[in-house]
file input_37.cif (mmCIF, C-alpha atoms and all ligand atoms; chains and numbers go by the auth columns)
data_query
loop_
_atom_site.group_PDB
_atom_site.id
_atom_site.type_symbol
_atom_site.label_atom_id
_atom_site.label_comp_id
_atom_site.label_asym_id
_atom_site.label_seq_id
_atom_site.Cartn_x
_atom_site.Cartn_y
_atom_site.Cartn_z
_atom_site.B_iso_or_equiv
_atom_site.auth_seq_id
_atom_site.auth_asym_id
ATOM 1 C CA MET A 1 30.879 -13.560 13.379 0.00 305 A
ATOM 2 C CA ASN A 2 31.174 -15.796 16.448 0.00 306 A
ATOM 3 C CA PRO A 3 28.237 -18.057 17.493 0.00 307 A
ATOM 4 C CA ILE A 4 27.189 -15.683 20.280 0.00 308 A
ATOM 5 C CA GLU A 5 26.933 -12.730 17.932 0.00 309 A
ATOM 6 C CA LYS A 6 25.299 -14.861 15.267 0.00 310 A
ATOM 7 C CA LEU A 7 22.495 -16.105 17.542 0.00 311 A
ATOM 8 C CA ALA A 8 22.040 -12.583 18.901 0.00 312 A
ATOM 9 C CA THR A 9 21.280 -11.303 15.398 0.00 313 A
ATOM 10 C CA TYR A 10 18.248 -13.650 15.329 0.00 314 A
ATOM 11 C CA PHE A 11 16.913 -12.444 18.666 0.00 315 A
ATOM 12 C CA LYS A 12 17.401 -8.856 17.571 0.00 316 A
ATOM 13 C CA GLU A 13 14.703 -9.385 14.951 0.00 317 A
ATOM 14 C CA PHE A 14 12.130 -10.323 17.622 0.00 318 A
ATOM 15 C CA PRO A 15 9.501 -7.633 18.310 0.00 319 A
ATOM 16 C CA GLY A 16 10.682 -5.138 20.912 0.00 320 A
ATOM 17 C CA ILE A 17 14.140 -6.699 21.330 0.00 321 A
ATOM 18 C CA GLY A 18 17.238 -4.546 20.972 0.00 322 A
ATOM 19 C CA GLU A 19 20.964 -5.221 20.772 0.00 323 A
ATOM 20 C CA ARG A 20 21.539 -5.557 24.533 0.00 324 A
ATOM 21 C CA GLN A 21 18.559 -7.785 25.209 0.00 325 A
ATOM 22 C CA SER A 22 19.434 -10.057 22.311 0.00 326 A
ATOM 23 C CA LYS A 23 22.866 -10.675 23.871 0.00 327 A
ATOM 24 C CA ARG A 24 21.249 -11.269 27.274 0.00 328 A
ATOM 25 C CA PHE A 25 19.114 -14.029 25.718 0.00 329 A
ATOM 26 C CA VAL A 26 22.197 -15.742 24.319 0.00 330 A
ATOM 27 C CA TYR A 27 23.996 -15.650 27.697 0.00 331 A
ATOM 28 C CA PHE A 28 20.818 -16.871 29.387 0.00 332 A
ATOM 29 C CA LEU A 29 20.868 -19.932 27.097 0.00 333 A
ATOM 30 C CA LEU A 30 24.562 -20.497 27.758 0.00 334 A
ATOM 31 C CA HIS A 31 23.805 -20.708 31.472 0.00 335 A
ATOM 32 C CA LYS A 32 20.868 -23.114 31.073 0.00 336 A
ATOM 33 C CA ASN A 33 21.373 -26.886 31.103 0.00 337 A
ATOM 34 C CA PRO A 34 21.672 -28.679 27.731 0.00 338 A
ATOM 35 C CA ASN A 35 18.192 -30.291 28.017 0.00 339 A
ATOM 36 C CA TYR A 36 16.515 -26.909 28.191 0.00 340 A
ATOM 37 C CA VAL A 37 18.347 -25.685 25.120 0.00 341 A
ATOM 38 C CA ASN A 38 17.573 -28.918 23.245 0.00 342 A
ATOM 39 C CA ASP A 39 13.881 -28.723 24.107 0.00 343 A
ATOM 40 C CA LEU A 40 13.736 -25.120 23.034 0.00 344 A
ATOM 41 C CA GLY A 41 15.407 -25.986 19.734 0.00 345 A
ATOM 42 C CA ASN A 42 12.986 -28.869 19.095 0.00 346 A
ATOM 43 C CA ASN A 43 9.982 -26.721 19.898 0.00 347 A
ATOM 44 C CA ILE A 44 11.128 -24.113 17.435 0.00 348 A
ATOM 45 C CA LEU A 45 11.755 -26.772 14.793 0.00 349 A
ATOM 46 C CA SER A 46 8.279 -28.318 15.113 0.00 350 A
ATOM 47 C CA LEU A 47 6.421 -25.007 15.301 0.00 351 A
ATOM 48 C CA LYS A 48 5.923 -24.644 11.572 0.00 352 A
ATOM 49 C CA ASN A 49 4.782 -28.257 11.207 0.00 353 A
ATOM 50 C CA LEU A 50 2.238 -28.175 14.028 0.00 354 A
ATOM 51 C CA ILE A 51 0.807 -24.686 13.680 0.00 355 A
ATOM 52 C CA HIS A 52 -0.941 -23.415 10.575 0.00 356 A
ATOM 53 C CA GLN A 53 -2.937 -20.401 9.581 0.00 357 A
ATOM 54 C CA CYS A 54 -6.674 -20.894 9.131 0.00 358 A
ATOM 55 C CA PRO A 55 -7.550 -20.170 5.467 0.00 359 A
ATOM 56 C CA SER A 56 -10.810 -18.521 6.539 0.00 360 A
ATOM 57 C CA CYS A 57 -10.009 -16.276 9.531 0.00 361 A
ATOM 58 C CA PHE A 58 -6.173 -16.333 9.356 0.00 362 A
ATOM 59 C CA LEU A 59 -5.718 -17.287 13.000 0.00 363 A
ATOM 60 C CA PHE A 60 -2.746 -19.491 13.826 0.00 364 A
ATOM 61 C CA PHE A 61 -3.920 -22.796 15.287 0.00 365 A
ATOM 62 C CA GLU A 62 -2.709 -26.331 15.923 0.00 366 A
ATOM 63 C CA GLY A 63 -3.875 -28.463 13.035 0.00 367 A
ATOM 64 C CA ASP A 64 -3.247 -29.516 9.462 0.00 368 A
ATOM 65 C CA LYS A 65 -2.462 -27.219 6.616 0.00 369 A
ATOM 66 C CA ASN A 66 -5.498 -25.973 4.671 0.00 370 A
ATOM 67 C CA GLU A 67 -7.853 -27.135 7.441 0.00 371 A
ATOM 68 C CA LEU A 68 -10.204 -24.696 9.161 0.00 372 A
ATOM 69 C CA CYS A 69 -9.495 -23.677 12.771 0.00 373 A
ATOM 70 C CA ASP A 70 -11.735 -24.860 15.637 0.00 374 A
ATOM 71 C CA ILE A 71 -13.723 -21.613 15.728 0.00 375 A
ATOM 72 C CA CYS A 72 -14.485 -21.653 12.004 0.00 376 A
ATOM 73 C CA LYS A 73 -15.357 -25.366 12.171 0.00 377 A
ATOM 74 C CA ASP A 74 -17.473 -25.259 15.335 0.00 378 A
ATOM 75 C CA LYS A 75 -21.217 -25.359 14.625 0.00 379 A
ATOM 76 C CA LYS A 76 -21.825 -23.378 17.827 0.00 380 A
ATOM 77 C CA THR A 77 -19.886 -20.354 16.547 0.00 381 A
ATOM 78 C CA ASP A 78 -22.264 -17.493 15.800 0.00 382 A
ATOM 79 C CA ARG A 79 -21.851 -17.005 12.049 0.00 383 A
ATOM 80 C CA THR A 80 -23.901 -13.822 11.917 0.00 384 A
ATOM 81 C CA SER A 81 -21.162 -11.838 13.670 0.00 385 A
ATOM 82 C CA LEU A 82 -17.630 -11.100 12.413 0.00 386 A
ATOM 83 C CA LEU A 83 -14.982 -9.423 14.547 0.00 387 A
ATOM 84 C CA ILE A 84 -11.994 -7.813 12.827 0.00 388 A
ATOM 85 C CA ILE A 85 -8.749 -7.691 14.804 0.00 389 A
ATOM 86 C CA GLU A 86 -5.216 -6.746 13.917 0.00 390 A
ATOM 87 C CA LYS A 87 -3.303 -9.783 15.190 0.00 391 A
ATOM 88 C CA ASP A 88 -3.417 -13.125 16.992 0.00 392 A
ATOM 89 C CA ALA A 89 -2.514 -11.622 20.379 0.00 393 A
ATOM 90 C CA ASP A 90 -5.739 -9.574 20.249 0.00 394 A
ATOM 91 C CA TYR A 91 -7.718 -12.747 19.731 0.00 395 A
ATOM 92 C CA GLU A 92 -6.270 -14.236 22.925 0.00 396 A
ATOM 93 C CA ASN A 93 -7.568 -11.246 24.864 0.00 397 A
ATOM 94 C CA ILE A 94 -11.037 -11.259 23.373 0.00 398 A
ATOM 95 C CA LYS A 95 -11.301 -14.971 24.036 0.00 399 A
ATOM 96 C CA LYS A 96 -10.331 -14.382 27.674 0.00 400 A
ATOM 97 C CA SER A 97 -13.116 -11.826 28.091 0.00 401 A
ATOM 98 C CA LYS A 98 -15.583 -14.713 27.398 0.00 402 A
ATOM 99 C CA ASN A 99 -18.087 -12.315 25.917 0.00 403 A
ATOM 100 C CA TYR A 100 -17.913 -13.051 22.226 0.00 404 A
ATOM 101 C CA SER A 101 -19.005 -16.204 20.417 0.00 405 A
ATOM 102 C CA GLY A 102 -18.855 -15.132 16.775 0.00 406 A
ATOM 103 C CA MET A 103 -16.353 -15.447 13.954 0.00 407 A
ATOM 104 C CA TYR A 104 -13.015 -13.653 13.743 0.00 408 A
ATOM 105 C CA PHE A 105 -10.904 -12.130 11.013 0.00 409 A
ATOM 106 C CA ILE A 106 -7.219 -11.305 11.475 0.00 410 A
ATOM 107 C CA LEU A 107 -6.400 -8.246 9.408 0.00 411 A
ATOM 108 C CA GLY A 108 -2.653 -8.832 9.658 0.00 412 A
ATOM 109 C CA GLY A 109 -1.716 -5.191 10.295 0.00 413 A
ATOM 110 C CA LEU A 110 -3.013 -1.638 10.303 0.00 414 A
ATOM 111 C CA ALA A 111 -3.401 0.739 7.377 0.00 415 A
ATOM 112 C CA PRO A 112 -0.561 3.289 7.324 0.00 416 A
ATOM 113 C CA ILE A 113 -1.845 6.863 7.416 0.00 417 A
ATOM 114 C CA VAL A 114 0.264 8.216 4.561 0.00 418 A
ATOM 115 C CA THR A 115 0.309 5.782 1.666 0.00 419 A
ATOM 116 C CA LYS A 116 -1.681 4.786 -1.369 0.00 420 A
ATOM 117 C CA GLU A 117 -0.539 1.187 -1.083 0.00 421 A
ATOM 118 C CA THR A 118 -2.756 0.315 1.898 0.00 422 A
ATOM 119 C CA PRO A 119 -3.990 -3.039 0.570 0.00 423 A
ATOM 120 C CA SER A 120 -0.433 -4.388 0.735 0.00 424 A
ATOM 121 C CA PHE A 121 -0.355 -3.841 4.519 0.00 425 A
ATOM 122 C CA ILE A 122 -3.640 -5.523 5.408 0.00 426 A
ATOM 123 C CA ARG A 123 -5.795 -8.426 4.156 0.00 427 A
ATOM 124 C CA LEU A 124 -8.397 -6.224 2.529 0.00 428 A
ATOM 125 C CA LYS A 125 -9.259 -8.445 -0.436 0.00 429 A
ATOM 126 C CA GLU A 126 -9.614 -11.488 1.812 0.00 430 A
ATOM 127 C CA LEU A 127 -11.756 -9.537 4.270 0.00 431 A
ATOM 128 C CA LEU A 128 -14.170 -8.322 1.623 0.00 432 A
ATOM 129 C CA SER A 129 -14.520 -11.785 0.150 0.00 433 A
ATOM 130 C CA THR A 130 -15.119 -13.299 3.620 0.00 434 A
ATOM 131 C CA ILE A 131 -17.797 -10.701 4.298 0.00 435 A
ATOM 132 C CA GLU A 132 -19.484 -11.351 0.980 0.00 436 A
ATOM 133 C CA THR A 133 -19.511 -15.121 1.588 0.00 437 A
ATOM 134 C CA ARG A 134 -20.859 -14.722 5.121 0.00 438 A
ATOM 135 C CA ALA A 135 -23.513 -12.271 3.983 0.00 439 A
ATOM 136 C CA LYS A 136 -24.653 -14.630 1.232 0.00 440 A
ATOM 137 C CA HIS A 137 -24.580 -17.897 3.135 0.00 441 A
ATOM 138 C CA ASP A 138 -24.651 -17.159 6.871 0.00 442 A
ATOM 139 C CA ASN A 139 -26.942 -14.151 7.140 0.00 443 A
ATOM 140 C CA LEU A 140 -24.167 -11.868 8.441 0.00 444 A
ATOM 141 C CA LYS A 141 -25.744 -9.247 10.723 0.00 445 A
ATOM 142 C CA GLU A 142 -22.840 -7.430 12.327 0.00 446 A
ATOM 143 C CA VAL A 143 -19.197 -6.599 11.589 0.00 447 A
ATOM 144 C CA ILE A 144 -17.266 -5.433 14.651 0.00 448 A
ATOM 145 C CA ILE A 145 -14.065 -3.490 14.071 0.00 449 A
ATOM 146 C CA ALA A 146 -11.847 -4.059 17.108 0.00 450 A
ATOM 147 C CA LEU A 147 -8.602 -2.186 16.481 0.00 451 A
ATOM 148 C CA SER A 148 -6.365 -0.296 18.885 0.00 452 A
ATOM 149 C CA LEU A 149 -7.443 3.225 19.739 0.00 453 A
ATOM 150 C CA ASN A 150 -4.448 5.088 18.345 0.00 454 A
ATOM 151 C CA PRO A 151 -4.296 7.287 15.217 0.00 455 A
ATOM 152 C CA GLN A 152 -3.357 4.383 12.970 0.00 456 A
ATOM 153 C CA GLY A 153 -6.099 2.170 14.414 0.00 457 A
ATOM 154 C CA GLU A 154 -8.702 4.891 13.912 0.00 458 A
ATOM 155 C CA HIS A 155 -7.460 5.547 10.402 0.00 459 A
ATOM 156 C CA THR A 156 -7.791 1.842 9.606 0.00 460 A
ATOM 157 C CA ASP A 157 -11.288 1.807 11.133 0.00 461 A
ATOM 158 C CA MET A 158 -12.374 4.593 8.763 0.00 462 A
ATOM 159 C CA TYR A 159 -10.618 3.008 5.814 0.00 463 A
ATOM 160 C CA LEU A 160 -12.349 -0.342 6.400 0.00 464 A
ATOM 161 C CA ARG A 161 -15.768 1.283 6.797 0.00 465 A
ATOM 162 C CA GLU A 162 -15.311 3.002 3.461 0.00 466 A
ATOM 163 C CA LYS A 163 -14.228 -0.199 1.723 0.00 467 A
ATOM 164 C CA MET A 164 -17.027 -2.259 3.291 0.00 468 A
ATOM 165 C CA SER A 165 -19.786 0.233 2.571 0.00 469 A
ATOM 166 C CA PRO A 166 -20.770 -1.136 -0.893 0.00 470 A
ATOM 167 C CA LEU A 167 -21.222 -4.597 0.663 0.00 471 A
ATOM 168 C CA GLN A 168 -23.059 -3.073 3.607 0.00 472 A
ATOM 169 C CA GLU A 169 -25.498 -1.375 1.238 0.00 473 A
ATOM 170 C CA LYS A 170 -26.000 -4.558 -0.702 0.00 474 A
ATOM 171 C CA TYR A 171 -26.519 -6.894 2.259 0.00 475 A
ATOM 172 C CA GLY A 172 -27.627 -4.564 5.057 0.00 476 A
ATOM 173 C CA PHE A 173 -25.377 -5.714 7.910 0.00 477 A
ATOM 174 C CA LYS A 174 -24.359 -3.365 10.715 0.00 478 A
ATOM 175 C CA ILE A 175 -20.793 -2.056 11.189 0.00 479 A
ATOM 176 C CA VAL A 176 -19.769 -1.177 14.753 0.00 480 A
ATOM 177 C CA SER A 177 -16.484 -0.233 16.407 0.00 481 A
ATOM 178 C CA LEU A 178 -15.304 -1.663 19.678 0.00 482 A
ATOM 179 C CA GLY A 179 -13.204 1.432 20.344 0.00 483 A
ATOM 180 C CA ARG A 180 -15.826 3.463 22.188 0.00 484 A
ATOM 181 C CA GLY A 181 -15.630 1.281 25.269 0.00 485 A
ATOM 182 C CA LEU A 182 -11.853 1.668 25.436 0.00 486 A
ATOM 183 C CA SER A 183 -10.008 4.843 26.349 0.00 487 A
ATOM 184 C CA THR A 184 -7.880 6.685 23.791 0.00 488 A
ATOM 185 C CA GLY A 185 -4.454 5.182 23.186 0.00 489 A
ATOM 186 C CA THR A 186 -5.563 1.746 24.360 0.00 490 A
ATOM 187 C CA GLU A 187 -3.852 -1.227 22.791 0.00 491 A
ATOM 188 C CA LEU A 188 -6.264 -4.126 22.567 0.00 492 A
ATOM 189 C CA GLU A 189 -3.404 -6.505 23.245 0.00 493 A
ATOM 190 C CA TYR A 190 -2.817 -4.984 26.691 0.00 494 A
ATOM 191 C CA SER A 191 -6.441 -4.557 27.739 0.00 495 A
ATOM 192 C CA ASP A 192 -7.775 -6.764 30.518 0.00 496 A
ATOM 193 C CA GLY A 193 -10.764 -9.079 30.165 0.00 497 A
ATOM 194 C CA GLU A 194 -13.116 -6.767 32.050 0.00 498 A
ATOM 195 C CA THR A 195 -12.302 -3.776 29.815 0.00 499 A
ATOM 196 C CA ILE A 196 -12.891 -5.814 26.672 0.00 500 A
ATOM 197 C CA LYS A 197 -16.098 -7.244 28.099 0.00 501 A
ATOM 198 C CA ASN A 198 -17.413 -3.717 28.700 0.00 502 A
ATOM 199 C CA ALA A 199 -16.275 -2.572 25.286 0.00 503 A
ATOM 200 C CA LEU A 200 -18.095 -5.484 23.673 0.00 504 A
ATOM 201 C CA ARG A 201 -21.219 -4.759 25.672 0.00 505 A
ATOM 202 C CA ASN A 202 -21.153 -1.064 24.754 0.00 506 A
ATOM 203 C CA ARG A 203 -20.248 -1.483 21.112 0.00 507 A
ATOM 204 C CA GLN A 204 -22.022 0.915 18.781 0.00 508 A
HETATM 205 ZN ZN ZN B . -10.606 -19.890 11.345 0.00 601 A
#

call {"tool": "encode", "arguments": {"input": "input_37.cif", "output": "structure tokens", "more": "lines below"}}
Ligand SMILES: [Zn+2]
result
Amino acid sequence: MNPIEKLATYFKEFPGIGERQSKRFVYFLLHKNPNYVNDLGNNILSLKNLIHQCPSCFLFFEGDKNELCDICKDKKTDRTSLLIIEKDADYENIKKSKNYSGMYFILGGLAPIVTKETPSFIRLKELLSTIETRAKHDNLKEVIIALSLNPQGEHTDMYLREKMSPLQEKYGFKIVSLGRGLSTGTELEYSDGETIKNALRNRQ
């Protein structure tokens, strides 16, 4: 395999990138000046050293390994509220809406509709233990499920409600879904700040 084809195989693994686009990326780099390509390479190399996943909410953040992220550390964060999202990109959007000041939890995926192995697709165990800790120590009042409004998102919503219900009975927190303020088929990742703000305001 020649270097062009070899690099293209890496780009092909990127989300949403096909064969043709992956080649276009390689030719794009070939046309850029050497400094650009060097910088890009260095940034990729340092990524894993600079960015780590928060052991509490699973967000990626700039900081040391095993340290908590700024949101989890910040005393001003509202610890009585926990918002469940699928992925980091959703967090960016909720942050932009400037209408939420509580804790987050990154589920890491959605529950597939037809499988019995659901826990292997999402961080269910971690979620339940986070909820239990927050309920015991931080007076957790509300869990907000903020997943995309497609069949898989709605399936996951129902699945999570079922799994959280024993803890809900024990500790008495409220479970709400953000979905009702969004229209069907909406991907949280592509929603604008205003839409998310309204959805947060109208959560039920
Ligand atoms: Zn965190």

call {"tool": "closest_residue", "arguments": {"input": "input_37.cif", "among": "A:Phe315, A:Phe364, A:Tyr475, A:Tyr331", "to": "ligand ZN 601 (chain A)", "atoms": "all atoms listed in the file"}}
result
A:Phe364

call {"tool": "closest_residue", "arguments": {"input": "input_37.cif", "among": "A:Lys445, A:Arg383, A:Lys377, A:Lys399", "to": "ligand ZN 601 (chain A)", "atoms": "all atoms listed in the file"}}
result
A:Lys377

call {"tool": "residues_around", "arguments": {"input": "input_37.cif", "residues": "stretch 370-375 of chain A", "least_positions_apart": "4", "cutoff": "12 Å", "atoms": "all atoms listed in the file", "output": "list of chain:residue names"}}
result
A:Ile355, A:His356, A:Gln357, A:Cys358, A:Pro359, A:Ser360, A:Cys361, A:Phe362, A:Leu363, A:Phe364, A:Phe365, A:Glu366, A:Lys379, A:Lys380, A:Thr381, A:Asp382, A:Arg383, A:Leu386, A:Tyr395, A:Lys399, A:Tyr404, A:Ser405, A:Gly406, A:Met407, A:Tyr408, A:Phe409

call {"tool": "write_last_selection", "arguments": {"input": "input_37.cif", "atoms": "C-alpha atoms", "output": "PDB file, keeping the file's coordinate frame"}}
result
ATOM      1  CA  ILE A 355       0.807 -24.686  13.680  1.00  0.00           C
ATOM      2  CA  HIS A 356      -0.941 -23.415  10.575  1.00  0.00           C
ATOM      3  CA  GLN A 357      -2.937 -20.401   9.581  1.00  0.00           C
ATOM      4  CA  CYS A 358      -6.674 -20.894   9.131  1.00  0.00           C
ATOM      5  CA  PRO A 359      -7.550 -20.170   5.467  1.00  0.00           C
ATOM      6  CA  SER A 360     -10.810 -18.521   6.539  1.00  0.00           C
ATOM      7  CA  CYS A 361     -10.009 -16.276   9.531  1.00  0.00           C
ATOM      8  CA  PHE A 362      -6.173 -16.333   9.356  1.00  0.00           C
ATOM      9  CA  LEU A 363      -5.718 -17.287  13.000  1.00  0.00           C
ATOM     10  CA  PHE A 364      -2.746 -19.491  13.826  1.00  0.00           C
ATOM     11  CA  PHE A 365      -3.920 -22.796  15.287  1.00  0.00           C
ATOM     12  CA  GLU A 366      -2.709 -26.331  15.923  1.00  0.00           C
ATOM     13  CA  LYS A 379     -21.217 -25.359  14.625  1.00  0.00           C
ATOM     14  CA  LYS A 380     -21.825 -23.378  17.827  1.00  0.00           C
ATOM     15  CA  THR A 381     -19.886 -20.354  16.547  1.00  0.00           C
ATOM     16  CA  ASP A 382     -22.264 -17.493  15.800  1.00  0.00           C
ATOM     17  CA  ARG A 383     -21.851 -17.005  12.049  1.00  0.00           C
ATOM     18  CA  LEU A 386     -17.630 -11.100  12.413  1.00  0.00           C
ATOM     19  CA  TYR A 395      -7.718 -12.747  19.731  1.00  0.00           C
ATOM     20  CA  LYS A 399     -11.301 -14.971  24.036  1.00  0.00           C
ATOM     21  CA  TYR A 404     -17.913 -13.051  22.226  1.00  0.00           C
ATOM     22  CA  SER A 405     -19.005 -16.204  20.417  1.00  0.00           C
ATOM     23  CA  GLY A 406     -18.855 -15.132  16.775  1.00  0.00           C
ATOM     24  CA  MET A 407     -16.353 -15.447  13.954  1.00  0.00           C
ATOM     25  CA  TYR A 408     -13.015 -13.653  13.743  1.00  0.00           C
ATOM     26  CA  PHE A 409     -10.904 -12.130  11.013  1.00  0.00           C
TER      27      PHE A 409
END

call {"tool": "atom_distance", "arguments": {"input": "input_37.cif", "atom1": "atom CA of A:Ser401", "atom2": "atom CA of A:Thr384"}}
result
19.5 Å

call {"tool": "closest_residue", "arguments": {"input": "input_37.cif", "among": "A:Leu344, A:Gly320, A:Val418, A:Thr434", "to": "ligand ZN 601 (chain A)", "atoms": "all atoms listed in the file"}}
result
A:Thr434

call {"tool": "closest_residue", "arguments": {"input": "input_37.cif", "among": "A:Lys440, A:Lys429, A:Lys400, A:Lys369", "to": "A:Gly476", "atoms": "all atoms listed in the file"}}
result
A:Lys440

call {"tool": "resolve_selection", "arguments": {"input": "input_37.cif", "expression": "the PyMOL selection byres (((chain A and resi 333) around 12) and not hetatm)", "output": "PyMOL selection string"}}
result
chain A and resi 308+311-312+315+326-332+334-345

call {"tool": "closest_residue", "arguments": {"input": "input_37.cif", "among": "A:Ala503, A:Met305, A:Leu411, A:Leu354", "to": "A:Asp461", "atoms": "all atoms listed in the file"}}
result
A:Leu411

call {"tool": "atom_distance", "arguments": {"input": "input_37.cif", "atom1": "atom CA of A:Ile417", "atom2": "atom CA of A:Leu451"}}
result
14.5 Å

call {"tool": "resolve_selection", "arguments": {"input": "input_37.cif", "expression": "the PyMOL selection byres (((chain A and resi 456) around 7) and not hetatm)", "output": "PyMOL selection string"}}
result
chain A and resi 414-417+454-455+457-460

call {"tool": "atom_distance", "arguments": {"input": "input_37.cif", "atom1": "atom CA of A:Arg427", "atom2": "atom CA of A:Asn347"}}
result
28.8 Å

call {"tool": "decode", "arguments": {"input": "input_37.cif", "residues": "stretch 341-416 of chain A", "atoms": "C-alpha atoms", "output": "JSON list (two decimals), in the first residue's frame"}}
result
[["chain", "number", "residue", "atom", "x", "y", "z"],
["A", 341, "VAL", "CA", 1.29, 19.24, 8.36],
["A", 342, "ASN", "CA", 3.87, 19.24, 11.18],
["A", 343, "ASP", "CA", 1.58, 21.20, 13.49],
["A", 344, "LEU", "CA", -1.30, 18.89, 12.73],
["A", 345, "GLY", "CA", 0.88, 15.87, 13.48],
["A", 346, "ASN", "CA", 2.07, 17.35, 16.79],
["A", 347, "ASN", "CA", -1.45, 18.23, 17.83],
["A", 348, "ILE", "CA", -2.58, 14.69, 17.19],
["A", 349, "LEU", "CA", 0.41, 13.31, 19.10],
["A", 350, "SER", "CA", -0.23, 15.44, 22.20],
["A", 351, "LEU", "CA", -4.00, 14.92, 22.23],
["A", 352, "LYS", "CA", -3.93, 11.81, 24.37],
["A", 353, "ASN", "CA", -1.50, 13.37, 26.85],
["A", 354, "LEU", "CA", -3.41, 16.61, 27.33],
["A", 355, "ILE", "CA", -7.00, 15.42, 27.23],
["A", 356, "HIS", "CA", -8.46, 12.90, 29.65],
["A", 357, "GLN", "CA", -11.85, 11.55, 30.51],
["A", 358, "CYS", "CA", -13.38, 12.70, 33.79],
["A", 359, "PRO", "CA", -13.82, 9.63, 36.05],
["A", 360, "SER", "CA", -17.12, 11.02, 37.35],
["A", 361, "CYS", "CA", -19.05, 12.35, 34.33],
["A", 362, "PHE", "CA", -16.91, 10.87, 31.50],
["A", 363, "LEU", "CA", -16.50, 14.17, 29.67],
["A", 364, "PHE", "CA", -13.23, 14.70, 27.84],
["A", 365, "PHE", "CA", -11.38, 17.68, 29.29],
["A", 366, "GLU", "CA", -7.91, 19.22, 29.42],
["A", 367, "GLY", "CA", -6.28, 18.06, 32.62],
["A", 368, "ASP", "CA", -4.47, 15.25, 34.38],
["A", 369, "LYS", "CA", -5.46, 11.64, 34.33],
["A", 370, "ASN", "CA", -7.79, 10.58, 37.16],
["A", 371, "GLU", "CA", -8.57, 14.22, 38.00],
["A", 372, "LEU", "CA", -12.13, 15.51, 37.97],
["A", 373, "CYS", "CA", -13.21, 17.89, 35.19],
["A", 374, "ASP", "CA", -13.93, 21.58, 35.90],
["A", 375, "ILE", "CA", -17.69, 21.05, 36.10],
["A", 376, "CYS", "CA", -17.43, 18.20, 38.60],
["A", 377, "LYS", "CA", -14.86, 20.15, 40.64],
["A", 378, "ASP", "CA", -16.62, 23.52, 40.60],
["A", 379, "LYS", "CA", -18.43, 24.29, 43.87],
["A", 380, "LYS", "CA", -20.94, 26.41, 41.93],
["A", 381, "THR", "CA", -22.18, 23.42, 39.91],
["A", 382, "ASP", "CA", -25.69, 22.48, 40.99],
["A", 383, "ARG", "CA", -25.24, 18.97, 42.40],
["A", 384, "THR", "CA", -28.94, 18.30, 42.78],
["A", 385, "SER", "CA", -29.41, 18.00, 39.01],
["A", 386, "LEU", "CA", -27.91, 15.39, 36.66],
["A", 387, "LEU", "CA", -28.24, 15.58, 32.89],
["A", 388, "ILE", "CA", -27.67, 12.41, 30.85],
["A", 389, "ILE", "CA", -26.37, 12.88, 27.31],
["A", 390, "GLU", "CA", -25.10, 10.50, 24.68],
["A", 391, "LYS", "CA", -21.78, 12.12, 23.76],
["A", 392, "ASP", "CA", -19.39, 15.03, 24.24],
["A", 393, "ALA", "CA", -20.72, 16.96, 21.23],
["A", 394, "ASP", "CA", -24.12, 17.17, 22.96],
["A", 395, "TYR", "CA", -22.48, 18.71, 25.99],
["A", 396, "GLU", "CA", -21.01, 21.50, 23.83],
["A", 397, "ASN", "CA", -24.51, 22.38, 22.67],
["A", 398, "ILE", "CA", -26.11, 22.36, 26.09],
["A", 399, "LYS", "CA", -23.29, 24.51, 27.41],
["A", 400, "LYS", "CA", -23.88, 27.00, 24.58],
["A", 401, "SER", "CA", -27.56, 27.30, 25.49],
["A", 402, "LYS", "CA", -26.38, 28.76, 28.87],
["A", 403, "ASN", "CA", -29.45, 27.43, 30.60],
["A", 404, "TYR", "CA", -28.12, 24.56, 32.64],
["A", 405, "SER", "CA", -25.80, 24.69, 35.63],
["A", 406, "GLY", "CA", -25.98, 21.13, 36.96],
["A", 407, "MET", "CA", -23.90, 18.00, 36.60],
["A", 408, "TYR", "CA", -23.55, 15.91, 33.45],
["A", 409, "PHE", "CA", -23.21, 12.24, 32.63],
["A", 410, "ILE", "CA", -21.99, 10.99, 29.25],
["A", 411, "LEU", "CA", -23.73, 7.72, 28.48],
["A", 412, "GLY", "CA", -21.28, 6.84, 25.71],
["A", 413, "GLY", "CA", -23.89, 5.58, 23.24],
["A", 414, "LEU", "CA", -27.52, 4.61, 22.84],
["A", 415, "ALA", "CA", -29.20, 1.32, 23.70],
["A", 416, "PRO", "CA", -29.77, -0.77, 20.55]]
